[in-house]
Amino acid sequence: MTDTRDRGTGREFGSYEEFWPYYVAMHSKAATRWIHLTGTLTGLALSAYGVLRRRPRLLLALPVIGYGTAWPAHFLIEGNNPATFGHPAWSLRGDAQMIRMMLAGRDAELAEIAAKWLAENGR
């Protein structure tokens, strides 16, 4: 299934590059972005531990902890639905890109992308 339409707004996206600013805007608050980063890195660490210790059940930590921390942040902090619901593949890619930028010290750039998209789209 190709990601093209946002379920909540009916907005069409023709490419990931077009989707990216929307994705960042759905993470406009720094707390949401940092909760995503924390959940993803914790899930990755437990999954890696599971591989190293040959405990395959711990591989489930990544989606459970990752989504289990991110989704409540959307509902409680952002007041929106996770982009994952309408765009699972592009959201996973966006999460990885967002986390790479944060780890590189580019969180302020993400805030600018979010503010610009929200201003241009009346949100």
# chains A, B, ... in the order shown; residues from 1 in each chain; ligands from 1

$ residues_around --residues "region 76-82 of chain A" --least-positions-apart "5" --cutoff "8 Å" --atoms "only C-alpha atoms" --output "list in words"
Gly8, Met26, His27, Ser28, Lys29, Ala31, Thr32 and Trp71 of chain A

$ select_by_dssp --residues "chain A" --states "helix (DSSP H, G or I)" --output "ChimeraX atom specification"
/A:16-25,30-52,56-78,83-85,88-103,107-120

$ atom_distance --atom1 "CA of Leu37 (chain A)" --atom2 "CA of Glu12 (chain A)"
27.1 Å

$ residues_around --residues "Pro21 (chain A)" --least-positions-apart "3" --cutoff "7 Å" --atoms "only C-alpha atoms" --output "PDB file with N, CA and C atoms, in the first residue's frame"
ATOM      1  N   GLU A  18       7.493  15.536  -0.023  1.00  0.00           N
ATOM      2  CA  GLU A  18       6.324  16.378   0.241  1.00  0.00           C
ATOM      3  C   GLU A  18       5.722  16.070   1.620  1.00  0.00           C
ATOM      4  N   VAL A  24       7.058  16.436  10.239  1.00  0.00           N
ATOM      5  CA  VAL A  24       7.735  17.239  11.255  1.00  0.00           C
ATOM      6  C   VAL A  24       6.719  18.127  11.976  1.00  0.00           C
ATOM      7  N   ALA A  25       5.769  18.688  11.232  1.00  0.00           N
ATOM      8  CA  ALA A  25       4.743  19.549  11.847  1.00  0.00           C
ATOM      9  C   ALA A  25       3.884  18.778  12.843  1.00  0.00           C
ATOM     10  N   ILE A 113      11.079  23.890  10.572  1.00  0.00           N
ATOM     11  CA  ILE A 113      10.310  23.193   9.529  1.00  0.00           C
ATOM     12  C   ILE A 113       8.858  23.059   9.962  1.00  0.00           C
ATOM     13  N   ALA A 114       8.652  22.673  11.218  1.00  0.00           N
ATOM     14  CA  ALA A 114       7.294  22.507  11.749  1.00  0.00           C
ATOM     15  C   ALA A 114       6.544  23.829  11.744  1.00  0.00           C
ATOM     16  N   TRP A 117       5.539  24.870   8.163  1.00  0.00           N
ATOM     17  CA  TRP A 117       4.437  24.083   7.604  1.00  0.00           C
ATOM     18  C   TRP A 117       3.118  24.481   8.264  1.00  0.00           C
TER      19      TRP A 117
END

$ atom_distance --atom1 "CA of Ala83 (chain A)" --atom2 "CA of Leu59 (chain A)"
23.3 Å

$ closest_atom_pairs --of "region 38-90 of chain A" --to "region 96-104 of chain A" --cutoff "10 Å" --atoms "only C-alpha atoms" --output "Markdown table"
| residue | atom | partner | partner_atom | distance |
| --- | --- | --- | --- | --- |
| A:Thr38 | CA | A:Ile99 | CA | 9.5 |
| A:Thr40 | CA | A:Ile99 | CA | 8.6 |
| A:Leu41 | CA | A:Ile99 | CA | 9.1 |
| A:Trp90 | CA | A:Ala96 | CA | 9.9 |

$ atom_distance --atom1 "CA of Thr42 (chain A)" --atom2 "CA of Tyr23 (chain A)"
21.7 Å

$ decode --residues "region 28-60 of chain A" --atoms "N, CA, C and O atoms" --output "short mmCIF file (atom, residue, chain, number, x, y, z; two decimals), in the first residue's frame"
data_model
loop_
_atom_site.label_atom_id
_atom_site.label_comp_id
_atom_site.auth_asym_id
_atom_site.auth_seq_id
_atom_site.Cartn_x
_atom_site.Cartn_y
_atom_site.Cartn_z
N SER A 28 5.54 19.10 16.27
CA SER A 28 5.95 20.50 16.40
C SER A 28 6.50 20.85 17.77
O SER A 28 7.28 21.79 17.91
N LYS A 29 6.13 20.12 18.77
CA LYS A 29 6.58 20.42 20.14
C LYS A 29 7.82 19.58 20.46
O LYS A 29 7.87 18.38 20.22
N ALA A 30 8.81 20.26 21.03
CA ALA A 30 10.08 19.59 21.34
C ALA A 30 9.87 18.36 22.23
O ALA A 30 10.53 17.34 22.05
N ALA A 31 8.94 18.44 23.16
CA ALA A 31 8.70 17.30 24.06
C ALA A 31 8.29 16.06 23.28
O ALA A 31 8.73 14.95 23.60
N THR A 32 7.48 16.23 22.26
CA THR A 32 7.05 15.09 21.45
C THR A 32 8.25 14.48 20.73
O THR A 32 8.42 13.25 20.71
N ARG A 33 9.08 15.33 20.15
CA ARG A 33 10.26 14.82 19.43
C ARG A 33 11.20 14.08 20.39
O ARG A 33 11.69 13.00 20.06
N TRP A 34 11.41 14.63 21.58
CA TRP A 34 12.34 14.00 22.52
C TRP A 34 11.76 12.70 23.10
O TRP A 34 12.52 11.76 23.38
N ILE A 35 10.48 12.64 23.26
CA ILE A 35 9.86 11.37 23.70
C ILE A 35 10.02 10.32 22.61
O ILE A 35 10.33 9.15 22.90
N HIS A 36 9.85 10.72 21.35
CA HIS A 36 10.09 9.79 20.23
C HIS A 36 11.53 9.27 20.27
O HIS A 36 11.76 8.06 20.15
N LEU A 37 12.47 10.18 20.41
CA LEU A 37 13.87 9.80 20.43
C LEU A 37 14.16 8.83 21.58
O LEU A 37 14.78 7.78 21.39
N THR A 38 13.68 9.17 22.77
CA THR A 38 13.91 8.33 23.95
C THR A 38 13.30 6.94 23.77
O THR A 38 13.95 5.93 24.05
N GLY A 39 12.06 6.88 23.31
CA GLY A 39 11.41 5.59 23.11
C GLY A 39 12.09 4.75 22.06
O GLY A 39 12.29 3.54 22.24
N THR A 40 12.47 5.38 20.95
CA THR A 40 13.13 4.64 19.87
C THR A 40 14.49 4.12 20.32
O THR A 40 14.82 2.94 20.09
N LEU A 41 15.29 4.96 20.96
CA LEU A 41 16.61 4.52 21.39
C LEU A 41 16.53 3.45 22.48
O LEU A 41 17.32 2.51 22.49
N THR A 42 15.57 3.58 23.38
CA THR A 42 15.38 2.55 24.42
C THR A 42 14.97 1.22 23.77
O THR A 42 15.51 0.16 24.12
N GLY A 43 14.04 1.28 22.83
CA GLY A 43 13.62 0.07 22.13
C GLY A 43 14.76 -0.56 21.36
O GLY A 43 14.92 -1.79 21.36
N LEU A 44 15.57 0.26 20.69
CA LEU A 44 16.73 -0.26 19.95
C LEU A 44 17.74 -0.90 20.90
O LEU A 44 18.29 -1.96 20.60
N ALA A 45 17.98 -0.27 22.04
CA ALA A 45 18.94 -0.81 23.00
C ALA A 45 18.47 -2.17 23.54
O ALA A 45 19.27 -3.11 23.61
N LEU A 46 17.21 -2.27 23.88
CA LEU A 46 16.70 -3.55 24.39
C LEU A 46 16.69 -4.62 23.30
O LEU A 46 16.97 -5.79 23.57
N SER A 47 16.40 -4.21 22.08
CA SER A 47 16.43 -5.17 20.96
C SER A 47 17.86 -5.66 20.73
O SER A 47 18.07 -6.86 20.52
N ALA A 48 18.83 -4.75 20.76
CA ALA A 48 20.23 -5.14 20.59
C ALA A 48 20.66 -6.08 21.71
O ALA A 48 21.35 -7.08 21.47
N TYR A 49 20.26 -5.76 22.92
CA TYR A 49 20.56 -6.62 24.06
C TYR A 49 19.96 -8.02 23.83
O TYR A 49 20.61 -9.03 24.10
N GLY A 50 18.74 -8.05 23.33
CA GLY A 50 18.09 -9.33 23.04
C GLY A 50 18.85 -10.15 22.01
O GLY A 50 18.98 -11.37 22.15
N VAL A 51 19.37 -9.49 21.00
CA VAL A 51 20.17 -10.19 19.99
C VAL A 51 21.46 -10.72 20.61
O VAL A 51 21.82 -11.88 20.43
N LEU A 52 22.14 -9.87 21.36
CA LEU A 52 23.41 -10.26 21.97
C LEU A 52 23.25 -11.39 23.00
O LEU A 52 24.12 -12.25 23.11
N ARG A 53 22.17 -11.37 23.73
CA ARG A 53 21.93 -12.37 24.78
C ARG A 53 21.08 -13.53 24.28
O ARG A 53 20.70 -14.40 25.07
N ARG A 54 20.76 -13.52 22.99
CA ARG A 54 19.95 -14.58 22.37
C ARG A 54 18.60 -14.73 23.06
O ARG A 54 18.17 -15.83 23.43
N ARG A 55 17.97 -13.59 23.23
CA ARG A 55 16.62 -13.55 23.81
C ARG A 55 15.72 -12.87 22.78
O ARG A 55 15.46 -11.66 22.86
N PRO A 56 15.25 -13.64 21.80
CA PRO A 56 14.50 -13.06 20.68
C PRO A 56 13.23 -12.31 21.09
O PRO A 56 12.80 -11.40 20.39
N ARG A 57 12.66 -12.67 22.23
CA ARG A 57 11.45 -11.95 22.67
C ARG A 57 11.72 -10.48 22.91
O ARG A 57 10.83 -9.64 22.78
N LEU A 58 12.96 -10.14 23.25
CA LEU A 58 13.30 -8.74 23.49
C LEU A 58 13.30 -7.92 22.20
O LEU A 58 13.28 -6.70 22.25
N LEU A 59 13.28 -8.58 21.05
CA LEU A 59 13.17 -7.84 19.78
C LEU A 59 11.83 -7.12 19.68
O LEU A 59 11.70 -6.15 18.96
N LEU A 60 10.86 -7.60 20.43
CA LEU A 60 9.55 -6.94 20.46
C LEU A 60 9.61 -5.60 21.19
O LEU A 60 8.68 -4.81 21.10
#
